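Peer 1: For reference, the structure I am asking about is given below.
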Amino acid sequence: MMEVLTNLFWILIFPGFVFTLAVGLLASWLVRKVSALVQYRVGPPVYQPAVDVMKLMGKEILIPEEAHRAVFVAAPLVGLSGVLLLAAMLWLAGAGVAFVGDVIVAIYLMVLPSLALILGSSSSGSPHASVGAAREMKLVMGYELPLILAFIVAVVKTAGVLEPAEQLSLVAIAQHTPVASISGALAFIVALLCVQAKLGFVPFDIAESETEVASGVMIEYSGALLAVWKLMQTLMLVALPLFLVVVFLGGVGTSGWALGGGIGKYVIVLVLVILIKNTNPRVRIDQAMRFFWCYCGPLLVAAVILAMLGNYYGLTWL
Amino acid sequence: MDTILLYPVIVPLAVGFVMLFLPRSLGRLSQVVALMVSVAALVFSIRIFRLDEGAYTWTVLALDAFTLDLLLTTQPLGSFILMFAMGFGVLITLYSFKSSASVRRINEYYGSILLAIGGSAGILLCDHLLFLLIFWEIVTAALYLLISTGGKDSNFAATKSFAMIGASDASFLLGAAMVWALSGTFVISQISLATTSALPVIAFLLLMLAAITKAGAMPLHTWLPTGGEYAPTSVMALLPAALDKLLGIYLLIVITRGMFVLKSGGALSLVLAIIGVATIVIAVMIAMVQHNLKRLLSYHAISQVGYMILGIATMTPIGIAGGVFHMLNHAIYKSCLFLCGGAVEDATGTAELEELGGLGKRMPLTFVACLIAALSISGIPPLNGFASKWMVYHGVVEMGRTQTGAAGVMWPLWLLGAMFGSALTLASFVKILHSIFLSRVPDRLRETKEASGLQTAPMLVLAFLCVFFGVFYRVPLRQFILPALGAAEETEAALGSWNAILATALLLIGIGVGAIVLFVSAFAKQVRSVPTWACGETQANDDMIIPGTHFYKTVSSMKGLKQLYSVQRRGHFDLYDQSGRAGLALTGLLRWLHNGVLPVYLTWVVLGLLLVLLMLCNIW
């Protein structure tokens, strides 16, 4: 009974839904504020993201006649729930609690929001949404290759120092900082770009580009359903940078300096994401795929080889 | 002496053989008899599974010292696979009641299904290499007959399958003969050959070729997509998707863990790992750009074998268990997908993705089954495909940690191929789901009806198994797989880090949270149905459909990949086509020599005589 209650508390209150949502709303305010500052604007007040979601929830829901209603409605819920589980896993991993699964589970859970977005938009029956869905899927294919390689670099870097049983455990990997080496730094930079694409931020906002496909994947969503998508994206803004912090930067601690340092790392990753977002134009989908496959891919293959050589010769900085 | 071991083998084989010669007017009878026999085989197999130790010997031939015994024994691995194989037999026979209307020779169809079932039972129970080979051939022949019952051009596909699998069966025969020469016995459980010298290694490779060709891995894989396009889909669901995988991987396990002693991390596990990963990645790249549903599914049936082979190649307990679990899971979801494909084809009359769309509302049960199976094969947690892939990944990392050979050092490559292949699999199933069930309904298909209950029931049973084996993945592992492999304790410990039950519960809670948000606001405001927004323009329905076949043009037109795809389409990577071309060139040469002109023949004869003369007289 106690265990059930603990799990419920973890997923719903802290560090799950309520807490992550609060952090996420703050983070999305930060995104908008910093973007505004970059563009010489004042920017919104701190409560603006929350107000936006509230406003959407008060609007009526439109569902296209041609849509597959069940999928159309269920998709945002599935996406939201996947990110929620991912966020709870990552926070708890930083605190030294092995929750639900290991790093492979985390990588697979990260696909869930994209999949939900694709199925939801595809079920709406809109041609714009179909184009958006195709682009989103191609983007997933694109960044998945370097992301897996970056994850392999982290595993290789920690291979020598971890016990056999905790080889792929998030908790154990969170104790180490692979970024403090050449291969780890390369992997971190590329993984950051992958996170940029996963978040759907410029320059990789190809699937919902407003100017060409009128918000693509989101075109038919409105009212509370759109609000759930926005909530999902807010949670992703926490979970995905957190993944980088846990896997590459040594995780978030639980008390004192470690906690402060952890928050600092998260903010640094977030600011990097925001800066990339504000200094780049949107790329085409074929450019994005070529970038991830032909440039990031080989770079990280080299990083994996470097990391393995480092292990072999005992040079931790490689 | 447990005679029950004989029943699941001999009853389907005998009934099936008789059925082949029944007149067409008795079609209904053979349907019912086939169902009865397959259910009986399932009941026998369950009783065999619950038998602790069973053995049955029947001396077929005794010539002085030389005896030929049909040895049937229960091994833990064989008898659990047997149970599932018989289960598939029942489900597919049930499904065929409705779908076999388009089949050309109905008695032959049901007879061959029984032959395939009986042959599989023989393979899984047999402890004698020669009889194993005979049962193996029976399944091959049944596949030939079954594929040829399809529509036009199915004869070509059947011949191609028979030629390719037959070639691998020949290598089985050669390998078996070599094993006999090396060990002096045909009894599988008594064979244990070290792979240190050339001869056992060659024997291993020959037997391996037979196993992976049956399972459908590269390089002899091309029979599968050709068969998939022309054979009835129920045939694909029974043999290449389910039974052939079970049998091929079963044989692979038997030779890697029983008949031969492999050095872990040695050259042979490197060979297996290369075949595994190449199969995963190449087949899925081809699958992604296919436009025909059945062809696409067939390429995935190839690609997924790679995970099983890779799992076995890791030579670690968790990797092998993962490979065997993946074999089981694959049989379940791929069979389900083929059945869904068949239902869609029956309902709409086409398997071309471009002509379909929006059937999710018309065929809700088929859609649910297909969605679950598609997410399973793509490895979405917490479904069964994820559980077994996860175990294979752990096996690969474990291999990198413990093995120092070339296969162990190259573990990042195997892990990359396997995980990336999984992302590409998701991509092709997104394409399927979009093109068939989501998107918009073309005007032509407005009146499409859901498939009959006899067709949807087997699909839903399989879809349920996908969910059950995913969420409670430890149940099949504990009940069937780990005892069969005799590695329960070490693997059990490694399974600790994926808590699928908790994950499912929490995902459901998360969905609940979102649903509450929705309900609150849906109460406050109304929900309205509106036409699709086309930026103010009025378009005809059919003009607004974007088929999924256009999804991955970006990939197939990428520099480098484009050339590879075009070479592949022309069949240059198809060993069947290539050997066909070589054969044609050879006969072309002979035809050129035999031109029927008398003086030319005379010249050849004179030249030959001259040569003989020269040799006889030792002139040079």
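Naming scheme: A, B, ... for chains in displayed order of the structure tokens; residues 1 onward per chain; ligands 1 onward as shown.
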Dump as a PyMOL selection string the residues of chain A that approach chain B to within 7 Å, counting only C-alpha atoms.
Peer 2: chain A and resi 57-66+68+77-78+80-82+84-85+100-102+108+122-127+130+134+137+141+144-145+148-149+152+224-225+228+286
Peer 1: How would the residues just picked look written out with C-alpha atoms as a compact mmCIF listing (two decimals), in the first residue's frame?
Peer 2:
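The resulting part_18.txt:
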# COMPACT_ATOMS: atom_id res chain seq x y z
CA MET A 57 -8.96 25.26 -21.90
CA GLY A 58 -11.81 27.69 -21.91
CA LYS A 59 -12.28 27.51 -25.70
CA GLU A 60 -14.54 25.08 -27.51
CA ILE A 61 -13.08 21.92 -29.03
CA LEU A 62 -13.37 21.48 -32.80
CA ILE A 63 -13.03 18.00 -34.22
CA PRO A 64 -12.86 17.50 -38.00
CA GLU A 65 -15.70 15.43 -39.46
CA GLU A 66 -13.24 13.18 -41.27
CA HIS A 68 -10.79 9.27 -36.36
CA LEU A 77 -3.11 12.22 -23.70
CA VAL A 78 -0.68 9.43 -24.57
CA LEU A 80 1.51 13.79 -22.18
CA SER A 81 1.62 10.64 -20.14
CA GLY A 82 4.82 9.43 -21.81
CA LEU A 84 5.35 12.66 -17.53
CA LEU A 85 6.78 9.21 -16.87
CA VAL A 100 10.69 2.08 -13.72
CA GLY A 101 13.60 1.55 -16.09
CA ASP A 102 17.08 2.26 -17.33
CA TYR A 108 12.33 4.79 -26.04
CA SER A 122 -2.53 11.83 -39.19
CA SER A 123 -5.96 10.97 -37.75
CA SER A 124 -7.25 14.49 -38.38
CA GLY A 125 -7.55 13.91 -42.13
CA SER A 126 -6.03 17.25 -43.04
CA PRO A 127 -3.50 17.34 -45.88
CA SER A 130 -0.27 14.71 -43.20
CA ALA A 134 5.65 12.92 -42.56
CA MET A 137 8.67 11.15 -38.66
CA MET A 141 14.62 9.14 -38.12
CA GLU A 144 17.66 9.14 -33.70
CA LEU A 145 20.96 8.03 -35.32
CA ILE A 148 21.86 6.66 -30.16
CA LEU A 149 25.54 7.27 -30.91
CA ILE A 152 26.70 4.88 -26.78
CA ALA A 224 -8.53 21.84 -24.49
CA LEU A 225 -6.94 19.32 -26.86
CA VAL A 228 -2.93 19.21 -23.62
CA ASP A 286 16.10 17.13 -46.33
Peer 1: Using only C-alpha atoms, determine which residues lie at most 7 Å from Glu450 of chain B, disregarding the query and same-chain residues fewer than 2 positions distant; provide the list as a list in words.
Peer 2: Arg362, Met363, Thr448 and Ser452 of chain B
Peer 1: So that I can see what lies close to Cys294 of chain A, please list as a list in words the residues with an atom at most 12 Å from it, counting only C-alpha atoms and leaving out residues fewer than 4 positions away in the same chain.
Peer 2: Gly142, Tyr143, Leu145, Pro146, Asp286, Gln287, Ala288, Met289, Arg290, Pro298, Leu299, Leu300 and Val301 of chain A; Met558, Lys559, Gly560 and Leu561 of chain B
Peer 1: DSSP says strand (DSSP E or B) for which residues of segment 459-566 of chain B? Put them as a PyMOL selection string?
Peer 2: chain B and resi 527-530
Peer 1: Would you export the selected residues with C-alpha atoms as an mmCIF file, in the first residue's frame, please?
Peer 2:
data_model
loop_
_atom_site.group_PDB
_atom_site.id
_atom_site.type_symbol
_atom_site.label_atom_id
_atom_site.label_comp_id
_atom_site.auth_asym_id
_atom_site.auth_seq_id
_atom_site.Cartn_x
_atom_site.Cartn_y
_atom_site.Cartn_z
ATOM 1 C CA VAL B 527 -17.469 20.069 -28.734
ATOM 2 C CA ARG B 528 -18.219 20.778 -32.367
ATOM 3 C CA SER B 529 -17.688 18.805 -35.573
ATOM 4 C CA VAL B 530 -16.326 20.860 -38.441
#
Peer 1: Using only C-alpha atoms, which residue out of B:Ser96, B:Ser298, B:Gln479, B:Thr587 lies closest to Pro225 of chain B?
Peer 2: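 Ranked by minimum distance to Pro225 of chain B, first place goes to B:Ser298.
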Peer 1: Hey, what's within 10 Å of segment 256-268 of chain A if we count only C-alpha atoms and toss same-chain stuff fewer than 2 positions away? As a list of chain:residue names, please?
Peer 2: A:Ala27, A:Leu30, A:Gly94, A:Ala95, A:Val238, A:Leu240, A:Pro241, A:Leu242, A:Phe243, A:Leu244, A:Val245, A:Val246, A:Leu249, A:Gly250, A:Gly251, A:Val252, A:Gly253, A:Thr254, A:Leu270, A:Val271, A:Leu272, A:Val273, A:Ile274
Peer 1: Can you work out which one of B:Thr366, B:Gln403, B:Gln290, B:Thr456 has the shortest atom-to-atom distance to Ser556 of chain B, counting only C-alpha atoms?
Peer 2: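 For Ser556 of chain B, the nearest of the given residues is B:Gln290.
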Peer 1: Within 9 Å of Ile285 of chain A, counting only C-alpha atoms, which residues qualify if same-chain residues fewer than 4 places away don't, as a list in words?
Peer 2: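 What passes the distance filter is Arg135, Glu136, Lys138, Leu139, Phe204, Ile206, Ala207, Met289 and Arg290 of chain A; Thr554 of chain B.
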Peer 1: Those same residues - N, CA and C atoms - I'd like them written as a short mmCIF file (atom, residue, chain, number, x, y, z; two decimals), in the first residue's frame.
Peer 2:
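Dumped to again.cif:
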data_model
loop_
_atom_site.label_atom_id
_atom_site.label_comp_id
_atom_site.auth_asym_id
_atom_site.auth_seq_id
_atom_site.Cartn_x
_atom_site.Cartn_y
_atom_site.Cartn_z
N ARG A 135 6.91 14.92 -42.02
CA ARG A 135 8.14 15.63 -41.64
C ARG A 135 8.59 15.26 -40.25
N GLU A 136 7.63 15.17 -39.32
CA GLU A 136 7.98 14.82 -37.94
C GLU A 136 8.66 13.45 -37.91
N LYS A 138 10.26 11.92 -40.32
CA LYS A 138 11.59 11.96 -40.92
C LYS A 138 12.59 12.62 -39.98
N LEU A 139 12.10 13.61 -39.23
CA LEU A 139 12.97 14.27 -38.27
C LEU A 139 13.39 13.27 -37.19
N PHE A 204 14.74 23.44 -36.15
CA PHE A 204 14.14 22.16 -36.52
C PHE A 204 12.62 22.15 -36.29
N ILE A 206 10.35 22.01 -38.23
CA ILE A 206 9.90 21.75 -39.60
C ILE A 206 8.49 21.18 -39.64
N ALA A 207 8.17 20.37 -38.61
CA ALA A 207 6.88 19.68 -38.64
C ALA A 207 5.72 20.63 -38.41
N MET A 289 17.80 16.18 -42.27
CA MET A 289 18.19 14.77 -42.27
C MET A 289 19.64 14.60 -42.68
N ARG A 290 20.05 15.35 -43.72
CA ARG A 290 21.43 15.23 -44.17
C ARG A 290 22.38 15.69 -43.07
N THR B 554 12.06 11.82 -49.32
CA THR B 554 13.29 12.52 -48.94
C THR B 554 14.43 11.52 -48.74
#
Peer 1: Looking only at the backbone, which of the residues in segment 312-411 of chain B does DSSP tag as alpha helix (DSSP H), as an MDAnalysis selection string?
Peer 2: chainID B and resid 312:313 317:348 364:377 384:402 406:409 411
Peer 1: Which neighbours of segment 353-356 of chain B fall inside 7 Å, counting only C-alpha atoms, when residues of the same chain fewer than 2 positions from it are skipped, and could you give them as a VMD selection string?
Peer 2: chain B and resid 291 to 293 351 435 to 436 442 547 549
Peer 1: In terms of the shortest atom-to-atom distance over only C-alpha atoms, which of B:Gly228, B:Leu146, B:Val261, B:Ala121 is closest to Ser38 of chain B?
Peer 2: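 Residue with the minimum atom-to-atom distance to Ser38 of chain B: B:Ala121.
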Peer 1: To one decimal in Å, tell me the separation between atom CA of Ala157 of chain B and atom CA of Trp223 of chain B.
Peer 2: 7.3 Å
Peer 1: Do you know which residues are at most 8 Å from Gly132 of chain A counting only C-alpha atoms, after dropping those on the same chain fewer than 4 positions away, and could you put them as a ChimeraX atom specification?
Peer 2: /A:118,121,128,136,206-208,213,215-217
Peer 1: Store the residues of this selection in a file with C-alpha atoms, as an mmCIF file, in the first residue's frame.
Peer 2:
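Final output, out_19.cif:
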data_model
loop_
_atom_site.group_PDB
_atom_site.id
_atom_site.type_symbol
_atom_site.label_atom_id
_atom_site.label_comp_id
_atom_site.auth_asym_id
_atom_site.auth_seq_id
_atom_site.Cartn_x
_atom_site.Cartn_y
_atom_site.Cartn_z
ATOM 1 C CA ILE A 118 2.215 11.899 -35.690
ATOM 2 C CA SER A 121 -2.207 14.695 -36.759
ATOM 3 C CA HIS A 128 -1.419 19.914 -44.015
ATOM 4 C CA GLU A 136 7.985 14.823 -37.943
ATOM 5 C CA ILE A 206 9.903 21.747 -39.601
ATOM 6 C CA ALA A 207 6.879 19.683 -38.643
ATOM 7 C CA GLU A 208 4.815 22.604 -37.408
ATOM 8 C CA VAL A 213 2.032 24.062 -43.660
ATOM 9 C CA SER A 215 1.221 24.607 -38.065
ATOM 10 C CA GLY A 216 1.299 21.217 -39.808
ATOM 11 C CA VAL A 217 0.797 18.567 -37.162
#
